[in-house]
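Asks: If you scroll down you'll find the structure; I have some questions about it.
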Amino acid sequence: MNDALFTLSKKPREPIGFVIFGATGDLTRRKLLPALYQLALEDQLPDRVHIIGFARRDWNDDKFREMMKAGIEEFARTQPIRQNALDKVLGCLHFVSSVFDDAEGYDKLNDLLEEVGADNRYFYLATPPSAYKNIVEHLGEAGLANCQSGWTRIVIEKPYGHDLESARELDEIVHAVFSEEQIFRIDHYLGKE
């Protein structure tokens with residue numbers, strides 16, 4: 001029997017940038033940050049992860065941390081909150097204030113990813129579907145869809161189109177920038193059907 005099947009996964013050692021587009025919304029506060037906190041509790045959050053919120057609100061790193069702390073405290077599955085795990089998550093947080101169709105925001109994001117050395121990147125679209133096209137195209141134009149010394153993934157949350165035709169249109173937009181191996185789709189609405 002292969003004992004490796006029964007061991008916990010090893011957390012990545014290389015720096016990771018986890019960029020959340022629409023980071024000031026409910027999905028981030030209620031689900032994503034509490035899930036990342038749970039990973040920290042289980043010592044599965046990478047030691048060198050940088051969680052970067054990207055949204056239009058006029059927030060800075062401190063305001064983002066304050067709001068996400070409140071979300072973790074309210075919605076974390078494991079209570080009471082353990083301060084060491086909370087501090088680890090909050091210490092990883094950064095914020096880029098930009099609208100989704102402003103090229104300068106993606107330049108700021110690129111600068112931050114380079115500054116923290118995150119060559120491996122997740123782009124998580126926790127936004128309304130109407131924003132997907134802008135975000136994907138700007139990631140491509142800014143050269144963020146591929147990193148020469150690491151990997152890149154895009155996670156598309158929420159409805160992946162409202163019918164077959166719109167899903168195919170979205171696929172064309174995403175495939176113009178990302179390869180199929182880079183794309184992860186989460187369509188919990190489809191799952192409910």
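Residues are referred to by chain and number: the chain letter is A, B, ... according to the order shown in the structure tokens, the number counts from 1 in that chain, and ligands are numbered separately from 1 in the order shown.
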Leaving out region 132-140 of chain A and any residue of its chain fewer than 5 positions from it, which residues lie within 7 Å of it when counting only C-alpha atoms, given as an mmCIF file with N, CA, C and O atoms, in the first residue's frame?

Replies:
data_model
loop_
_atom_site.group_PDB
_atom_site.id
_atom_site.type_symbol
_atom_site.label_atom_id
_atom_site.label_comp_id
_atom_site.auth_asym_id
_atom_site.auth_seq_id
_atom_site.Cartn_x
_atom_site.Cartn_y
_atom_site.Cartn_z
ATOM 1 N N PHE A 100 -11.788 47.939 -12.690
ATOM 2 C CA PHE A 100 -11.356 46.798 -13.492
ATOM 3 C C PHE A 100 -10.908 47.161 -14.905
ATOM 4 O O PHE A 100 -10.224 46.378 -15.553
ATOM 5 N N ASP A 101 -11.297 48.331 -15.394
ATOM 6 C CA ASP A 101 -10.923 48.682 -16.767
ATOM 7 C C ASP A 101 -9.829 49.742 -16.841
ATOM 8 O O ASP A 101 -9.653 50.387 -17.864
ATOM 9 N N ALA A 103 -5.918 50.352 -16.939
ATOM 10 C CA ALA A 103 -4.635 49.677 -17.168
ATOM 11 C C ALA A 103 -3.618 49.990 -16.073
ATOM 12 O O ALA A 103 -2.785 49.142 -15.728
ATOM 13 N N TYR A 106 -3.538 47.489 -13.208
ATOM 14 C CA TYR A 106 -2.843 46.229 -13.511
ATOM 15 C C TYR A 106 -1.329 46.430 -13.477
ATOM 16 O O TYR A 106 -0.593 45.516 -13.098
ATOM 17 N N ALA A 145 -0.769 37.179 -17.565
ATOM 18 C CA ALA A 145 -1.335 35.849 -17.779
ATOM 19 C C ALA A 145 -0.275 34.754 -17.790
ATOM 20 O O ALA A 145 -0.591 33.589 -17.575
ATOM 21 N N ILE A 173 -13.220 34.418 -24.878
ATOM 22 C CA ILE A 173 -12.515 35.553 -24.259
ATOM 23 C C ILE A 173 -11.390 35.052 -23.364
ATOM 24 O O ILE A 173 -10.257 35.522 -23.444
ATOM 25 N N VAL A 174 -11.688 34.075 -22.518
ATOM 26 C CA VAL A 174 -10.693 33.561 -21.571
ATOM 27 C C VAL A 174 -9.571 32.836 -22.313
ATOM 28 O O VAL A 174 -8.391 33.018 -22.004
ATOM 29 N N VAL A 177 -6.498 34.588 -23.780
ATOM 30 C CA VAL A 177 -5.447 35.037 -22.867
ATOM 31 C C VAL A 177 -4.815 33.865 -22.104
ATOM 32 O O VAL A 177 -3.610 33.839 -21.888
#

Asks: Would you mind listing what lies within 8 Å of Lys11 (chain A) as a list in words, with only C-alpha atoms counted and same-chain residues fewer than 5 positions away left out?

Replies: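 Counting only C-alpha atoms, the residues come to Gln44, Leu45 and Pro46 of chain A.
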
Asks: Give me a file of those residues, with N, CA and C atoms, as a PDB file, in the first residue's frame.

Replies:
ATOM      1  N   GLN A  44      -1.591  24.768   6.497  1.00  0.00           N
ATOM      2  CA  GLN A  44      -1.557  24.454   5.068  1.00  0.00           C
ATOM      3  C   GLN A  44      -1.450  25.706   4.206  1.00  0.00           C
ATOM      4  N   LEU A  45      -1.479  26.880   4.813  1.00  0.00           N
ATOM      5  CA  LEU A  45      -1.288  28.120   4.063  1.00  0.00           C
ATOM      6  C   LEU A  45       0.205  28.281   3.813  1.00  0.00           C
ATOM      7  N   PRO A  46       0.600  28.473   2.563  1.00  0.00           N
ATOM      8  CA  PRO A  46       2.036  28.614   2.288  1.00  0.00           C
ATOM      9  C   PRO A  46       2.663  29.720   3.140  1.00  0.00           C
TER      10      PRO A  46
END

Asks: Extract the full set of alpha helix (DSSP H) residues from region 6-170 of chain A according to DSSP on the backbone, and format it as a ChimeraX atom specification.

Replies: /A:26-27,33-41,61-75,83-91,103-116,132-141,164-170

Asks: Between A:Lys108, A:Arg185, A:Lys158, A:His50, which has the minimum distance to Lys88 (chain A) (counting only C-alpha atoms)?

Replies: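 That would be A:His50, the residue with the smallest distance to Lys88 (chain A).
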
Asks: Please, which residues of chain A, numbered as in this document, come out strand (DSSP E or B) from DSSP, as a ChimeraX atom specification?

Replies: /A:16-21,49-55,93-97,120-125,152-157,183-186

Asks: Pick out the closest residue to Asn60 (chain A) from this set: A:Val19, A:Leu93, A:Ile186, A:Ala40. Count only C-alpha atoms.

Replies: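 The shortest atom-to-atom distance to Asn60 (chain A) comes from A:Leu93.
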
Asks: Out of A:Leu113, A:Leu33, A:Ala126, A:Leu41, which residue has the shortest atom-to-atom distance to Glu73 (chain A) when counting only C-alpha atoms?

Replies: A:Leu33

Asks: Leaving out Tyr37 (chain A) and any residue of its chain fewer than 5 positions from it, which residues lie within 9 Å of it when counting only C-alpha atoms, given as an mmCIF file with all heavy atoms, in the first residue's frame?

Replies:
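To be explicit, this is the file written out as selection_34.cif:
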data_model
loop_
_atom_site.group_PDB
_atom_site.id
_atom_site.type_symbol
_atom_site.label_atom_id
_atom_site.label_comp_id
_atom_site.auth_asym_id
_atom_site.auth_seq_id
_atom_site.Cartn_x
_atom_site.Cartn_y
_atom_site.Cartn_z
ATOM 1 N N LEU A 32 -13.992 33.403 1.159
ATOM 2 C CA LEU A 32 -12.585 33.213 0.782
ATOM 3 C C LEU A 32 -11.622 33.424 1.940
ATOM 4 O O LEU A 32 -10.763 32.581 2.200
ATOM 5 C CB LEU A 32 -12.219 34.128 -0.387
ATOM 6 C CG LEU A 32 -12.954 33.870 -1.696
ATOM 7 C CD1 LEU A 32 -12.515 34.861 -2.767
ATOM 8 C CD2 LEU A 32 -12.747 32.437 -2.159
ATOM 9 N N GLU A 42 -4.706 24.988 9.941
ATOM 10 C CA GLU A 42 -4.241 23.624 9.675
ATOM 11 C C GLU A 42 -2.801 23.589 9.161
ATOM 12 O O GLU A 42 -2.337 22.560 8.692
ATOM 13 C CB GLU A 42 -5.199 22.967 8.682
ATOM 14 C CG GLU A 42 -6.604 22.829 9.234
ATOM 15 C CD GLU A 42 -7.646 22.460 8.191
ATOM 16 O OE1 GLU A 42 -7.274 22.135 7.042
ATOM 17 O OE2 GLU A 42 -8.841 22.504 8.534
ATOM 18 N N LEU A 45 -1.479 26.880 4.813
ATOM 19 C CA LEU A 45 -1.288 28.120 4.063
ATOM 20 C C LEU A 45 0.205 28.281 3.813
ATOM 21 O O LEU A 45 0.999 28.190 4.748
ATOM 22 C CB LEU A 45 -1.823 29.306 4.862
ATOM 23 C CG LEU A 45 -1.962 30.627 4.124
ATOM 24 C CD1 LEU A 45 -3.024 30.522 3.032
ATOM 25 C CD2 LEU A 45 -2.337 31.742 5.097
ATOM 26 N N ILE A 72 -13.433 37.326 8.974
ATOM 27 C CA ILE A 72 -12.926 36.071 9.540
ATOM 28 C C ILE A 72 -13.533 35.834 10.916
ATOM 29 O O ILE A 72 -13.994 34.737 11.223
ATOM 30 C CB ILE A 72 -11.384 36.085 9.595
ATOM 31 C CG1 ILE A 72 -10.803 36.044 8.180
ATOM 32 C CG2 ILE A 72 -10.864 34.928 10.446
ATOM 33 C CD1 ILE A 72 -9.305 36.339 8.111
ATOM 34 N N ALA A 76 -15.685 32.581 10.238
ATOM 35 C CA ALA A 76 -14.786 31.427 10.295
ATOM 36 C C ALA A 76 -15.520 30.218 10.859
ATOM 37 O O ALA A 76 -16.296 30.325 11.817
ATOM 38 C CB ALA A 76 -13.555 31.737 11.131
ATOM 39 N N ALA A 85 -3.106 32.255 13.960
ATOM 40 C CA ALA A 85 -3.552 31.995 12.585
ATOM 41 C C ALA A 85 -4.139 33.260 11.959
ATOM 42 O O ALA A 85 -3.893 33.560 10.786
ATOM 43 C CB ALA A 85 -4.578 30.865 12.562
ATOM 44 N N LEU A 86 -4.892 34.005 12.735
ATOM 45 C CA LEU A 86 -5.448 35.264 12.242
ATOM 46 C C LEU A 86 -4.335 36.232 11.859
ATOM 47 O O LEU A 86 -4.364 36.840 10.782
ATOM 48 C CB LEU A 86 -6.362 35.894 13.301
ATOM 49 C CG LEU A 86 -7.015 37.219 12.921
ATOM 50 C CD1 LEU A 86 -7.931 37.063 11.712
ATOM 51 C CD2 LEU A 86 -7.779 37.786 14.117
ATOM 52 N N LYS A 88 -1.330 35.511 10.966
ATOM 53 C CA LYS A 88 -0.650 35.035 9.764
ATOM 54 C C LYS A 88 -1.407 35.473 8.512
ATOM 55 O O LYS A 88 -0.807 35.975 7.563
ATOM 56 C CB LYS A 88 -0.502 33.513 9.778
ATOM 57 C CG LYS A 88 0.155 32.994 8.518
ATOM 58 C CD LYS A 88 0.489 31.537 8.576
ATOM 59 C CE LYS A 88 1.163 31.175 7.255
ATOM 60 N NZ LYS A 88 1.960 30.006 7.322
ATOM 61 N N VAL A 89 -2.717 35.298 8.503
ATOM 62 C CA VAL A 89 -3.514 35.673 7.338
ATOM 63 C C VAL A 89 -3.467 37.182 7.132
ATOM 64 O O VAL A 89 -3.217 37.666 6.025
ATOM 65 C CB VAL A 89 -4.969 35.177 7.471
ATOM 66 C CG1 VAL A 89 -5.831 35.734 6.347
ATOM 67 C CG2 VAL A 89 -5.016 33.664 7.468
#

Asks: Show which residues sit within 9 Å of Pro15 (chain A), as a list in words. Count only C-alpha atoms, and ignore same-chain residues fewer than 2 positions away.

Replies: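 Non-adjacent residues within range: Pro12, Arg13, Gly17, Pro46, Asp47, Arg48, Val49, His50, Val116, Gly117, Ala118, Asp119, Asn120 and Arg121 of chain A.
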
Asks: Please provide the set of residues having any atom within 10 Å of Asp62 (chain A), restricted to only C-alpha atoms, with same-chain residues fewer than 2 positions apart removed, written as a list in words.

Replies: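 Residues near the query, excluding close chain neighbours: Trp59, Asn60, Phe64, Arg65, Glu66, Met67, Met68, Leu90, Leu93, His94 and Phe95 of chain A.
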
Asks: Hey, which of A:Glu180, A:Ile81, A:Glu74, A:Leu164 ends up closest to Lys31 (chain A)? Count only C-alpha atoms.

Replies: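 Smallest separation from Lys31 (chain A) among the options: A:Glu74.
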
Asks: Would you kindly return, as a ChimeraX atom specification, each protein, DNA or RNA residue with an atom no farther than 12 Å from any atom of Ser97 (chain A), considering only C-alpha atoms and excluding same-chain residues fewer than 5 positions away?

Replies: /A:20-24,52-61,63-64,102,104-109

Asks: Could you work out how far CA of Arg29 (chain A) lies from CA of Pro129 (chain A), giving the answer in Å with one decimal?

Replies: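 So the two atoms, CA of Pro129 (chain A) and CA of Arg29 (chain A), lie 18.5 Å apart.
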
Asks: Smallest atom-to-atom distance to Arg30 (chain A): which of A:Val155, A:Ala70, A:Ile51, A:Val99, using only C-alpha atoms?

Replies: A:Ala70

Asks: Figure out the distance between CA of Glu181 (chain A) and CA of Arg153 (chain A), please, to one decimal in Å.

Replies: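 Separation between CA of Arg153 (chain A) and CA of Glu181 (chain A): 8.0 Å.
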
Asks: Rounded to one decimal, what separation in Å do you get between CA of Pro159 (chain A) and CA of Thr78 (chain A)?

Replies: 28.6 Å
